[in-house]
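Raw contents of final.pdb, PDB, C-alpha atoms:
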```pdb
ATOM      1  CA  MET A 659     -32.966 -28.494 -36.431  1.00  0.00           C
ATOM      2  CA  MET A 660     -29.682 -27.001 -37.631  1.00  0.00           C
ATOM      3  CA  GLN A 661     -30.817 -23.521 -36.645  1.00  0.00           C
ATOM      4  CA  ARG A 662     -31.731 -24.695 -33.150  1.00  0.00           C
ATOM      5  CA  SER A 663     -28.377 -26.477 -32.720  1.00  0.00           C
ATOM      6  CA  SER A 664     -26.517 -23.370 -33.870  1.00  0.00           C
ATOM      7  CA  PHE A 665     -28.497 -21.244 -31.438  1.00  0.00           C
ATOM      8  CA  LEU A 666     -27.674 -23.619 -28.561  1.00  0.00           C
ATOM      9  CA  LEU A 667     -23.977 -23.534 -29.460  1.00  0.00           C
ATOM     10  CA  VAL A 668     -23.985 -19.735 -29.408  1.00  0.00           C
ATOM     11  CA  VAL A 669     -25.723 -19.646 -26.006  1.00  0.00           C
ATOM     12  CA  LEU A 670     -23.320 -22.275 -24.640  1.00  0.00           C
ATOM     13  CA  SER A 671     -20.282 -20.367 -25.857  1.00  0.00           C
ATOM     14  CA  ILE A 672     -21.572 -17.167 -24.200  1.00  0.00           C
ATOM     15  CA  LEU A 673     -22.148 -18.980 -20.903  1.00  0.00           C
ATOM     16  CA  VAL A 674     -18.720 -20.593 -20.979  1.00  0.00           C
ATOM     17  CA  SER A 675     -16.984 -17.312 -21.758  1.00  0.00           C
ATOM     18  CA  SER A 676     -18.886 -15.458 -19.028  1.00  0.00           C
ATOM     19  CA  CYS A 677     -17.990 -18.107 -16.426  1.00  0.00           C
ATOM     20  CA  ALA A 678     -14.355 -18.299 -17.420  1.00  0.00           C
ATOM     21  CA  PRO A 679     -11.853 -16.401 -15.282  1.00  0.00           C
ATOM     22  CA  LYS A 680     -11.121 -12.944 -16.582  1.00  0.00           C
ATOM     23  CA  ARG A 681      -7.646 -12.564 -18.001  1.00  0.00           C
ATOM     24  CA  SER A 682      -5.355  -9.608 -17.608  1.00  0.00           C
ATOM     25  CA  GLU A 683      -5.827  -6.742 -20.010  1.00  0.00           C
ATOM     26  CA  ILE A 684      -2.087  -6.714 -20.745  1.00  0.00           C
ATOM     27  CA  LEU A 685       0.212  -9.437 -21.993  1.00  0.00           C
ATOM     28  CA  LEU A 686       3.020 -10.673 -19.775  1.00  0.00           C
ATOM     29  CA  ASN A 687       5.445  -9.777 -22.540  1.00  0.00           C
ATOM     30  CA  THR A 688       8.063  -7.027 -22.475  1.00  0.00           C
ATOM     31  CA  ASP A 689       7.816  -6.539 -26.247  1.00  0.00           C
ATOM     32  CA  ALA A 690       4.025  -6.180 -26.218  1.00  0.00           C
ATOM     33  CA  THR A 691       4.006  -3.967 -23.099  1.00  0.00           C
ATOM     34  CA  PRO A 692       6.693  -1.255 -23.091  1.00  0.00           C
ATOM     35  CA  PRO A 693       7.944  -0.203 -19.633  1.00  0.00           C
ATOM     36  CA  ASP A 694       6.597   3.354 -19.872  1.00  0.00           C
ATOM     37  CA  VAL A 695       3.137   1.998 -20.732  1.00  0.00           C
ATOM     38  CA  LEU A 696       3.288  -0.458 -17.823  1.00  0.00           C
ATOM     39  CA  VAL A 697       4.346   2.192 -15.300  1.00  0.00           C
ATOM     40  CA  LYS A 698       1.602   4.516 -16.528  1.00  0.00           C
ATOM     41  CA  MET A 699      -1.004   1.767 -16.059  1.00  0.00           C
ATOM     42  CA  VAL A 700       0.308   1.013 -12.554  1.00  0.00           C
ATOM     43  CA  LYS A 701       0.039   4.704 -11.682  1.00  0.00           C
ATOM     44  CA  GLU A 702      -3.483   4.893 -13.089  1.00  0.00           C
ATOM     45  CA  ARG A 703      -4.547   1.773 -11.165  1.00  0.00           C
ATOM     46  CA  GLY A 704      -3.208   3.181  -7.901  1.00  0.00           C
ATOM     47  CA  ALA A 705      -4.896   6.529  -8.579  1.00  0.00           C
ATOM     48  CA  LYS A 706      -8.280   4.794  -8.736  1.00  0.00           C
ATOM     49  CA  ILE A 707      -8.229   4.428  -4.962  1.00  0.00           C
ATOM     50  CA  SER A 708      -9.804   7.623  -3.643  1.00  0.00           C
ATOM     51  CA  SER A 709     -10.668   6.401  -0.145  1.00  0.00           C
ATOM     52  CA  LEU A 710     -10.323   3.320   2.046  1.00  0.00           C
ATOM     53  CA  VAL A 711     -11.878   2.166   5.293  1.00  0.00           C
ATOM     54  CA  GLY A 712     -10.379  -0.925   6.878  1.00  0.00           C
ATOM     55  CA  ARG A 713      -9.800  -2.960  10.022  1.00  0.00           C
ATOM     56  CA  GLY A 714      -6.957  -5.298  10.836  1.00  0.00           C
ATOM     57  CA  THR A 715      -3.733  -5.634  12.788  1.00  0.00           C
ATOM     58  CA  VAL A 716      -0.455  -3.739  12.628  1.00  0.00           C
ATOM     59  CA  SER A 717       2.836  -5.115  13.950  1.00  0.00           C
ATOM     60  CA  PHE A 718       6.060  -3.267  14.803  1.00  0.00           C
ATOM     61  CA  GLU A 719       9.434  -4.871  15.308  1.00  0.00           C
ATOM     62  CA  SER A 720      12.467  -2.739  16.146  1.00  0.00           C
ATOM     63  CA  PRO A 721      15.245  -2.534  18.742  1.00  0.00           C
ATOM     64  CA  GLU A 722      13.219   0.099  20.633  1.00  0.00           C
ATOM     65  CA  ILE A 723       9.702  -1.303  20.436  1.00  0.00           C
ATOM     66  CA  ALA A 724       7.840  -4.416  19.350  1.00  0.00           C
ATOM     67  CA  GLY A 725       4.205  -5.407  19.470  1.00  0.00           C
ATOM     68  CA  THR A 726       0.923  -5.938  17.676  1.00  0.00           C
ATOM     69  CA  ALA A 727      -2.283  -3.948  17.891  1.00  0.00           C
ATOM     70  CA  ALA A 728      -5.667  -4.008  16.229  1.00  0.00           C
ATOM     71  CA  PHE A 729      -6.455  -0.919  14.211  1.00  0.00           C
ATOM     72  CA  GLU A 730      -9.138   0.853  12.255  1.00  0.00           C
ATOM     73  CA  SER A 731      -8.071   3.120   9.402  1.00  0.00           C
ATOM     74  CA  ASN A 732      -9.761   5.835   7.402  1.00  0.00           C
ATOM     75  CA  LEU A 733      -7.862   7.088   4.377  1.00  0.00           C
ATOM     76  CA  LYS A 734      -8.827   9.697   1.838  1.00  0.00           C
ATOM     77  CA  LYS A 735      -6.541  10.657  -0.996  1.00  0.00           C
ATOM     78  CA  PRO A 736      -4.538  12.623  -1.638  1.00  0.00           C
ATOM     79  CA  ASP A 737      -3.400  13.397   1.876  1.00  0.00           C
ATOM     80  CA  SER A 738      -5.495  12.291   4.879  1.00  0.00           C
ATOM     81  CA  LEU A 739      -5.084   9.236   7.104  1.00  0.00           C
ATOM     82  CA  LEU A 740      -6.567   8.429  10.512  1.00  0.00           C
ATOM     83  CA  VAL A 741      -5.457   5.258  12.305  1.00  0.00           C
ATOM     84  CA  THR A 742      -6.964   4.266  15.653  1.00  0.00           C
ATOM     85  CA  LEU A 743      -5.040   1.600  17.568  1.00  0.00           C
ATOM     86  CA  GLU A 744      -6.893  -0.724  19.914  1.00  0.00           C
ATOM     87  CA  GLY A 745      -5.639  -2.829  22.805  1.00  0.00           C
ATOM     88  CA  PRO A 746      -7.344  -5.724  24.586  1.00  0.00           C
ATOM     89  CA  PHE A 747     -11.138  -5.604  24.905  1.00  0.00           C
ATOM     90  CA  GLY A 748     -11.331  -2.916  22.214  1.00  0.00           C
ATOM     91  CA  ILE A 749      -9.790  -0.181  24.367  1.00  0.00           C
ATOM     92  CA  ASP A 750      -8.286   2.653  22.299  1.00  0.00           C
ATOM     93  CA  VAL A 751      -4.576   2.999  23.017  1.00  0.00           C
ATOM     94  CA  GLY A 752      -3.548   5.525  20.392  1.00  0.00           C
ATOM     95  CA  THR A 753      -4.595   7.682  17.470  1.00  0.00           C
ATOM     96  CA  LEU A 754      -2.510   8.858  14.516  1.00  0.00           C
ATOM     97  CA  PHE A 755      -3.802  11.509  12.135  1.00  0.00           C
ATOM     98  CA  LEU A 756      -1.755  12.557   9.113  1.00  0.00           C
ATOM     99  CA  CYS A 757      -2.412  15.213   6.529  1.00  0.00           C
ATOM    100  CA  LYS A 758      -0.191  17.378   4.358  1.00  0.00           C
ATOM    101  CA  GLU A 759      -0.100  20.267   6.840  1.00  0.00           C
ATOM    102  CA  LYS A 760       0.273  18.454  10.170  1.00  0.00           C
ATOM    103  CA  TYR A 761       0.254  15.254  12.165  1.00  0.00           C
ATOM    104  CA  VAL A 762      -1.444  14.480  15.480  1.00  0.00           C
ATOM    105  CA  MET A 763      -0.394  11.471  17.561  1.00  0.00           C
ATOM    106  CA  TYR A 764      -2.306  10.731  20.778  1.00  0.00           C
ATOM    107  CA  ASN A 765      -0.962   8.184  23.273  1.00  0.00           C
ATOM    108  CA  SER A 766      -3.752   7.259  25.668  1.00  0.00           C
ATOM    109  CA  LEU A 767      -1.420   5.243  27.920  1.00  0.00           C
ATOM    110  CA  GLU A 768       0.610   8.387  28.638  1.00  0.00           C
ATOM    111  CA  ASN A 769      -2.274  10.789  27.995  1.00  0.00           C
ATOM    112  CA  SER A 770      -0.022  12.827  25.728  1.00  0.00           C
ATOM    113  CA  VAL A 771      -0.497  14.290  22.274  1.00  0.00           C
ATOM    114  CA  SER A 772       2.253  15.201  19.791  1.00  0.00           C
ATOM    115  CA  THR A 773       1.657  17.610  16.941  1.00  0.00           C
ATOM    116  CA  GLY A 774       3.806  19.145  14.252  1.00  0.00           C
ATOM    117  CA  ASN A 775       4.740  19.233  10.603  1.00  0.00           C
ATOM    118  CA  PRO A 776       4.782  15.787   8.928  1.00  0.00           C
ATOM    119  CA  ASN A 777       8.398  15.959   7.745  1.00  0.00           C
ATOM    120  CA  SER A 778      10.647  12.897   7.723  1.00  0.00           C
ATOM    121  CA  SER A 779      12.321  13.597  11.081  1.00  0.00           C
ATOM    122  CA  ALA A 780       8.981  14.154  12.812  1.00  0.00           C
ATOM    123  CA  ILE A 781       7.528  10.944  11.375  1.00  0.00           C
ATOM    124  CA  ARG A 782      10.683   9.093  12.424  1.00  0.00           C
ATOM    125  CA  SER A 783      10.224  10.292  16.013  1.00  0.00           C
ATOM    126  CA  LEU A 784       6.676   8.868  16.055  1.00  0.00           C
ATOM    127  CA  ILE A 785       7.207   5.610  14.215  1.00  0.00           C
ATOM    128  CA  PRO A 786      10.586   3.841  14.399  1.00  0.00           C
ATOM    129  CA  PHE A 787      10.852   3.454  10.634  1.00  0.00           C
ATOM    130  CA  ASP A 788      12.497   5.482   7.899  1.00  0.00           C
ATOM    131  CA  LEU A 789       9.264   6.111   6.001  1.00  0.00           C
ATOM    132  CA  SER A 790       8.052   9.359   4.532  1.00  0.00           C
ATOM    133  CA  TYR A 791       4.561  10.748   5.007  1.00  0.00           C
ATOM    134  CA  GLU A 792       3.622   9.648   1.455  1.00  0.00           C
ATOM    135  CA  GLN A 793       5.000   6.132   1.997  1.00  0.00           C
ATOM    136  CA  ILE A 794       2.911   5.669   5.141  1.00  0.00           C
ATOM    137  CA  LEU A 795      -0.241   6.687   3.257  1.00  0.00           C
ATOM    138  CA  ASN A 796       0.625   4.328   0.403  1.00  0.00           C
ATOM    139  CA  ALA A 797       1.328   1.472   2.819  1.00  0.00           C
ATOM    140  CA  PHE A 798      -2.134   1.776   4.399  1.00  0.00           C
ATOM    141  CA  ALA A 799      -3.627   2.101   0.912  1.00  0.00           C
ATOM    142  CA  GLY A 800      -2.009  -1.207  -0.053  1.00  0.00           C
ATOM    143  CA  VAL A 801      -0.140   0.237  -3.039  1.00  0.00           C
ATOM    144  CA  PHE A 802       3.463   1.175  -3.800  1.00  0.00           C
ATOM    145  CA  ALA A 803       4.307   3.998  -6.180  1.00  0.00           C
ATOM    146  CA  ILE A 804       7.080   3.981  -8.802  1.00  0.00           C
ATOM    147  CA  PRO A 805       8.465   7.529  -8.604  1.00  0.00           C
ATOM    148  CA  TYR A 806      11.262   7.145 -11.143  1.00  0.00           C
ATOM    149  CA  SER A 807      11.352   8.270 -14.767  1.00  0.00           C
ATOM    150  CA  GLU A 808      12.189   6.266 -17.869  1.00  0.00           C
ATOM    151  CA  LYS A 809      15.708   7.752 -18.005  1.00  0.00           C
ATOM    152  CA  ASP A 810      16.473   5.972 -14.697  1.00  0.00           C
ATOM    153  CA  LEU A 811      15.423   2.563 -16.065  1.00  0.00           C
ATOM    154  CA  LYS A 812      18.253  -0.001 -16.045  1.00  0.00           C
ATOM    155  CA  GLY A 813      16.409  -3.231 -16.805  1.00  0.00           C
ATOM    156  CA  TYR A 814      13.038  -4.615 -17.840  1.00  0.00           C
ATOM    157  CA  ALA A 815      12.234  -8.338 -17.841  1.00  0.00           C
ATOM    158  CA  ILE A 816       9.823 -11.081 -16.768  1.00  0.00           C
ATOM    159  CA  GLU A 817      10.538 -12.908 -13.526  1.00  0.00           C
ATOM    160  CA  ASP A 818       8.286 -15.495 -11.828  1.00  0.00           C
ATOM    161  CA  ASP A 819       5.296 -14.453 -13.981  1.00  0.00           C
ATOM    162  CA  LEU A 820       5.701 -10.827 -12.934  1.00  0.00           C
ATOM    163  CA  PHE A 821       7.001  -7.745 -14.709  1.00  0.00           C
ATOM    164  CA  PHE A 822      10.401  -6.842 -13.269  1.00  0.00           C
ATOM    165  CA  LEU A 823      11.832  -3.298 -13.501  1.00  0.00           C
ATOM    166  CA  THR A 824      15.196  -2.055 -12.249  1.00  0.00           C
ATOM    167  CA  TYR A 825      15.914   1.652 -11.726  1.00  0.00           C
ATOM    168  CA  THR A 826      18.824   3.798 -10.655  1.00  0.00           C
ATOM    169  CA  CYS A 827      17.627   5.715  -7.578  1.00  0.00           C
ATOM    170  CA  GLY A 828      20.380   8.092  -6.620  1.00  0.00           C
ATOM    171  CA  ALA A 829      23.440   6.076  -5.635  1.00  0.00           C
ATOM    172  CA  ASN A 830      21.247   3.006  -5.047  1.00  0.00           C
ATOM    173  CA  THR A 831      19.312   0.519  -7.156  1.00  0.00           C
ATOM    174  CA  CYS A 832      15.536   0.091  -6.863  1.00  0.00           C
ATOM    175  CA  ARG A 833      13.697  -2.960  -8.173  1.00  0.00           C
ATOM    176  CA  TYR A 834       9.974  -3.486  -8.665  1.00  0.00           C
ATOM    177  CA  TRP A 835       7.919  -6.613  -9.372  1.00  0.00           C
ATOM    178  CA  ILE A 836       4.447  -5.945 -10.830  1.00  0.00           C
ATOM    179  CA  ASP A 837       1.464  -8.271 -11.006  1.00  0.00           C
ATOM    180  CA  PRO A 838       0.056  -8.239 -14.577  1.00  0.00           C
ATOM    181  CA  LYS A 839      -3.489  -8.957 -13.391  1.00  0.00           C
ATOM    182  CA  TYR A 840      -3.914  -6.301 -10.723  1.00  0.00           C
ATOM    183  CA  LEU A 841      -1.279  -3.906 -12.134  1.00  0.00           C
ATOM    184  CA  LEU A 842       0.082  -3.330  -8.641  1.00  0.00           C
ATOM    185  CA  VAL A 843       3.578  -3.611  -7.199  1.00  0.00           C
ATOM    186  CA  THR A 844       3.908  -6.868  -5.258  1.00  0.00           C
ATOM    187  CA  HIS A 845       7.557  -6.527  -4.278  1.00  0.00           C
ATOM    188  CA  PHE A 846      10.018  -3.628  -3.974  1.00  0.00           C
ATOM    189  CA  GLU A 847      13.702  -3.593  -3.074  1.00  0.00           C
ATOM    190  CA  GLN A 848      16.278  -0.858  -2.619  1.00  0.00           C
ATOM    191  CA  ARG A 849      19.956  -1.852  -2.502  1.00  0.00           C
ATOM    192  CA  ASP A 850      23.109   0.160  -2.061  1.00  0.00           C
ATOM    193  CA  ALA A 851      26.091   0.230  -4.440  1.00  0.00           C
ATOM    194  CA  SER A 852      27.505  -2.923  -2.805  1.00  0.00           C
ATOM    195  CA  GLY A 853      24.245  -4.822  -3.273  1.00  0.00           C
ATOM    196  CA  ASN A 854      23.239  -4.700   0.396  1.00  0.00           C
ATOM    197  CA  LEU A 855      19.493  -4.621   0.980  1.00  0.00           C
ATOM    198  CA  ILE A 856      18.378  -1.310   2.495  1.00  0.00           C
ATOM    199  CA  VAL A 857      14.596  -1.702   2.433  1.00  0.00           C
ATOM    200  CA  GLU A 858      12.201  -4.340   1.142  1.00  0.00           C
ATOM    201  CA  ALA A 859       8.428  -4.076   0.797  1.00  0.00           C
ATOM    202  CA  LYS A 860       5.944  -6.782  -0.132  1.00  0.00           C
ATOM    203  CA  ALA A 861       2.229  -6.622  -0.894  1.00  0.00           C
ATOM    204  CA  SER A 862      -0.020  -9.680  -1.150  1.00  0.00           C
ATOM    205  CA  ALA A 863      -3.556 -11.010  -0.703  1.00  0.00           C
ATOM    206  CA  PHE A 864      -4.942  -8.600  -3.282  1.00  0.00           C
ATOM    207  CA  MET A 865      -8.634  -7.869  -3.325  1.00  0.00           C
ATOM    208  CA  GLN A 866     -10.654  -6.173  -6.029  1.00  0.00           C
ATOM    209  CA  GLN A 867     -13.877  -4.179  -5.917  1.00  0.00           C
ATOM    210  CA  GLU A 868     -15.085  -3.469  -9.430  1.00  0.00           C
ATOM    211  CA  ASP A 869     -12.037  -1.990 -11.207  1.00  0.00           C
ATOM    212  CA  VAL A 870     -10.189  -0.971  -8.017  1.00  0.00           C
ATOM    213  CA  ALA A 871      -7.659  -3.237  -6.301  1.00  0.00           C
ATOM    214  CA  ALA A 872      -5.550  -3.100  -3.134  1.00  0.00           C
ATOM    215  CA  ALA A 873      -3.410  -5.414  -1.015  1.00  0.00           C
ATOM    216  CA  ARG A 874      -4.604  -6.766   2.305  1.00  0.00           C
ATOM    217  CA  ARG A 875      -1.105  -7.741   3.469  1.00  0.00           C
ATOM    218  CA  ILE A 876       1.749  -5.220   3.491  1.00  0.00           C
ATOM    219  CA  LYS A 877       5.188  -5.875   4.948  1.00  0.00           C
ATOM    220  CA  ILE A 878       8.075  -3.375   5.007  1.00  0.00           C
ATOM    221  CA  THR A 879      11.483  -4.484   6.270  1.00  0.00           C
ATOM    222  CA  PHE A 880      14.716  -2.619   7.036  1.00  0.00           C
ATOM    223  CA  PRO A 881      17.100  -5.576   7.516  1.00  0.00           C
ATOM    224  CA  GLN A 882      20.201  -3.550   8.408  1.00  0.00           C
ATOM    225  CA  GLN A 883      18.299  -1.828  11.217  1.00  0.00           C
ATOM    226  CA  ASN A 884      16.329  -4.881  12.391  1.00  0.00           C
ATOM    227  CA  ARG A 885      13.058  -3.041  11.816  1.00  0.00           C
ATOM    228  CA  GLN A 886       9.836  -4.343  10.348  1.00  0.00           C
ATOM    229  CA  LEU A 887       6.302  -3.039   9.845  1.00  0.00           C
ATOM    230  CA  SER A 888       3.431  -5.363   8.920  1.00  0.00           C
ATOM    231  CA  ILE A 889      -0.166  -4.404   8.096  1.00  0.00           C
ATOM    232  CA  ALA A 890      -2.809  -7.105   7.775  1.00  0.00           C
ATOM    233  CA  TYR A 891      -6.324  -6.056   6.818  1.00  0.00           C
ATOM    234  CA  ARG A 892      -9.199  -8.187   8.003  1.00  0.00           C
ATOM    235  CA  SER A 893     -11.696  -6.082   6.046  1.00  0.00           C
ATOM    236  CA  ILE A 894     -11.395  -3.339   3.437  1.00  0.00           C
ATOM    237  CA  ARG A 895     -13.906  -1.082   1.734  1.00  0.00           C
ATOM    238  CA  LEU A 896     -12.627   0.938  -1.192  1.00  0.00           C
ATOM    239  CA  ASN A 897     -13.862   4.278  -2.531  1.00  0.00           C
ATOM    240  CA  VAL A 898     -16.522   4.754   0.107  1.00  0.00           C
ATOM    241  CA  THR A 899     -18.090   8.084   1.034  1.00  0.00           C
ATOM    242  CA  ASP A 900     -18.372   7.464   4.786  1.00  0.00           C
ATOM    243  CA  THR A 901     -14.748   8.013   5.807  1.00  0.00           C
ATOM    244  CA  ASP A 902     -14.589   9.445   9.323  1.00  0.00           C
ATOM    245  CA  PHE A 903     -11.735  11.688  10.483  1.00  0.00           C
ATOM    246  CA  GLN A 904     -13.230  12.758  13.809  1.00  0.00           C
ATOM    247  CA  PHE A 905     -11.316  11.907  16.969  1.00  0.00           C
ATOM    248  CA  THR A 906     -11.310  13.183  20.536  1.00  0.00           C
ATOM    249  CA  ILE A 907      -8.350  14.100  22.718  1.00  0.00           C
ATOM    250  CA  PRO A 908      -8.914  14.667  26.454  1.00  0.00           C
ATOM    251  CA  PRO A 909      -8.518  18.347  27.429  1.00  0.00           C
ATOM    252  CA  ASN A 910      -6.026  17.400  30.158  1.00  0.00           C
ATOM    253  CA  ALA A 911      -3.672  15.585  27.729  1.00  0.00           C
ATOM    254  CA  ARG A 912      -0.046  16.711  27.844  1.00  0.00           C
ATOM    255  CA  VAL A 913       0.780  18.511  24.585  1.00  0.00           C
ATOM    256  CA  ILE A 914       4.142  18.048  22.857  1.00  0.00           C
ATOM    257  CA  SER A 915       4.565  20.380  19.894  1.00  0.00           C
ATOM    258  CA  LYS A 916       7.368  19.949  17.374  1.00  0.00           C
ATOM    259  CA  PRO A 917       8.389  22.122  14.416  1.00  0.00           C
TER
END
```
Rewritten as structure tokens:
Amino acid sequence: MMQRSSFLLVVLSILVSSCAPKRSEILLNTDATPPDVLVKMVKERGAKISSLVGRGTVSFESPEIAGTAAFESNLKKPDSLLVTLEGPFGIDVGTLFLCKEKYVMYNSLENSVSTGNPNSSAIRSLIPFDLSYEQILNAFAGVFAIPYSEKDLKGYAIEDDLFFLTYTCGANTCRYWIDPKYLLVTHFEQRDASGNLIVEAKASAFMQQEDVAAARRIKITFPQQNRQLSIAYRSIRLNVTDTDFQFTIPPNARVISKP
């Protein structure tokens, strides 16, 4: 009888442990988790995303343009992104393709296509935001990178159940909040020497497929310029093999080439 009771207790404990929510692999403790270890784990988690296929809505707010459009995105790391924008009734209104060597932006309303090198000024002429080519890819991947080294670290603490790191980034200060469960940046700020907010980025509604995670809500704000970009995924598939980078541009489209 004792043996049977012991056996039942073991089975019960296994069932309870398997049904219990999985805890983070790291402790929310700055002493137990050094900053260099944390940043390395965040980098490794972001690197696990090799491809992404998603659908959702993207919103732009700026002095020049404002609006919302449905989109479908295909992303393949390290350097390829195709975003198709859709208007009412599923009509394609634009296509943006980015890779390391070039960009292609097709505007179906004007029947024009712009091509060139994806440098910062070219990207800025396409999208009214001060984002680099790499930052756009990361935004659609639902992750934010931490590009600074340990020598730039100014502070490391816990804030609102998140890891909180502060870096010197040139003449400015950059701050990152990291979720200990998903090991992804949930909040990023860059401030100037006077403490004025230059850019703020937030990621939320995280989803996980096996050991890969990404955000379904991304919001990037430039408060001094009254500019804002929001990406909201309705569906995401991570690390799939059926990414599609084929798109068609009408032969009579007006071509605008830039250096």
Å distance separating atom CA of Gly800 of chain A from atom CA of Lys860 of chain A, one decimal place:
9.7 Å
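For the residues A:Ile816, A:Val843, A:Val913, A:Val870, ranking by smallest atom-to-atom distance to Thr691 of chain A using only C-alpha atoms places A:Ile816 first.
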For segment 753-768 of chain A, what centre and edge lengths in Å (one decimal) does the axis-aligned box get once 8 Å is added on each side of all its listed atoms, as AutoDock Vina command-line options?
```
--center_x -2.0 --center_y 12.8 --center_z 16.5 --size_x 21.2 --size_y 31.0 --size_z 40.3
```
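Going from atom CA of Val711 of chain A to atom CA of Tyr806 of chain A covers 28.8 Å.
Against the coordinates shown, the PyMOL selection byres ((chain A and resi 701) around 10) returns Val695, Leu696, Val697, Lys698, Met699, Val700, Glu702, Arg703, Gly704, Ala705, Lys706, Val801, Phe802, Ala803, Ile804, Pro805, Leu841 and Leu842 of chain A.
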Quote the spacing between atom CA of Pro692 of chain A and atom CA of Leu820 of chain A in Å to one decimal place.
14.0 Å
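For the residues A:Met865, A:Leu789, A:Ala829, A:Ala728, ranking by smallest atom-to-atom distance to Thr879 of chain A using all atoms listed in the file places A:Leu789 first.
In terms of minimum interatomic distance to Gly774 of chain A, A:Lys758 ranks closest within A:Thr826, A:Lys758, A:Ala871, A:Gln866, counting all atoms listed in the file.
Using the PyMOL selection byres ((chain A and resi 795) around 8) on this structure selects Leu733, Asp737, Ser738, Leu739, Tyr791, Glu792, Gln793, Ile794, Asn796, Ala797, Phe798 and Ala799 of chain A.
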Starting from the PyMOL selection byres ((chain A and resi 713-721) around 6), expand the selection into actual residues of this file and give them as a ChimeraX atom specification.
/A:712,722-730,884-893
List as a PyMOL selection string the protein and nucleic acid residues near Phe821 of chain A, meaning an atom at most 8 Å away when only C-alpha atoms are counted, but skip any in the same chain fewer than 5 places from it.
chain A and resi 686+688+814-816+834-838
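Excluding Ile856 of chain A itself and same-chain residues fewer than 3 positions from it, the residues having an atom within 7 Å of it are Gln848, Arg849, Asp850, Phe880, Pro881 and Gln882 of chain A, counting only C-alpha atoms.
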Please list as a short mmCIF file (atom, residue, chain, number, x, y, z; two decimals) with C-alpha atoms, in the coordinates of the input every residue within 12 Å of Pro909 of chain A, counting only C-alpha atoms and excluding residues in the same chain fewer than 4 positions away.
```cif
data_model
loop_
_atom_site.label_atom_id
_atom_site.label_comp_id
_atom_site.auth_asym_id
_atom_site.auth_seq_id
_atom_site.Cartn_x
_atom_site.Cartn_y
_atom_site.Cartn_z
CA TYR A 764 -2.31 10.73 20.78
CA ASN A 769 -2.27 10.79 28.00
CA SER A 770 -0.02 12.83 25.73
CA VAL A 771 -0.50 14.29 22.27
CA VAL A 913 0.78 18.51 24.58
#
```
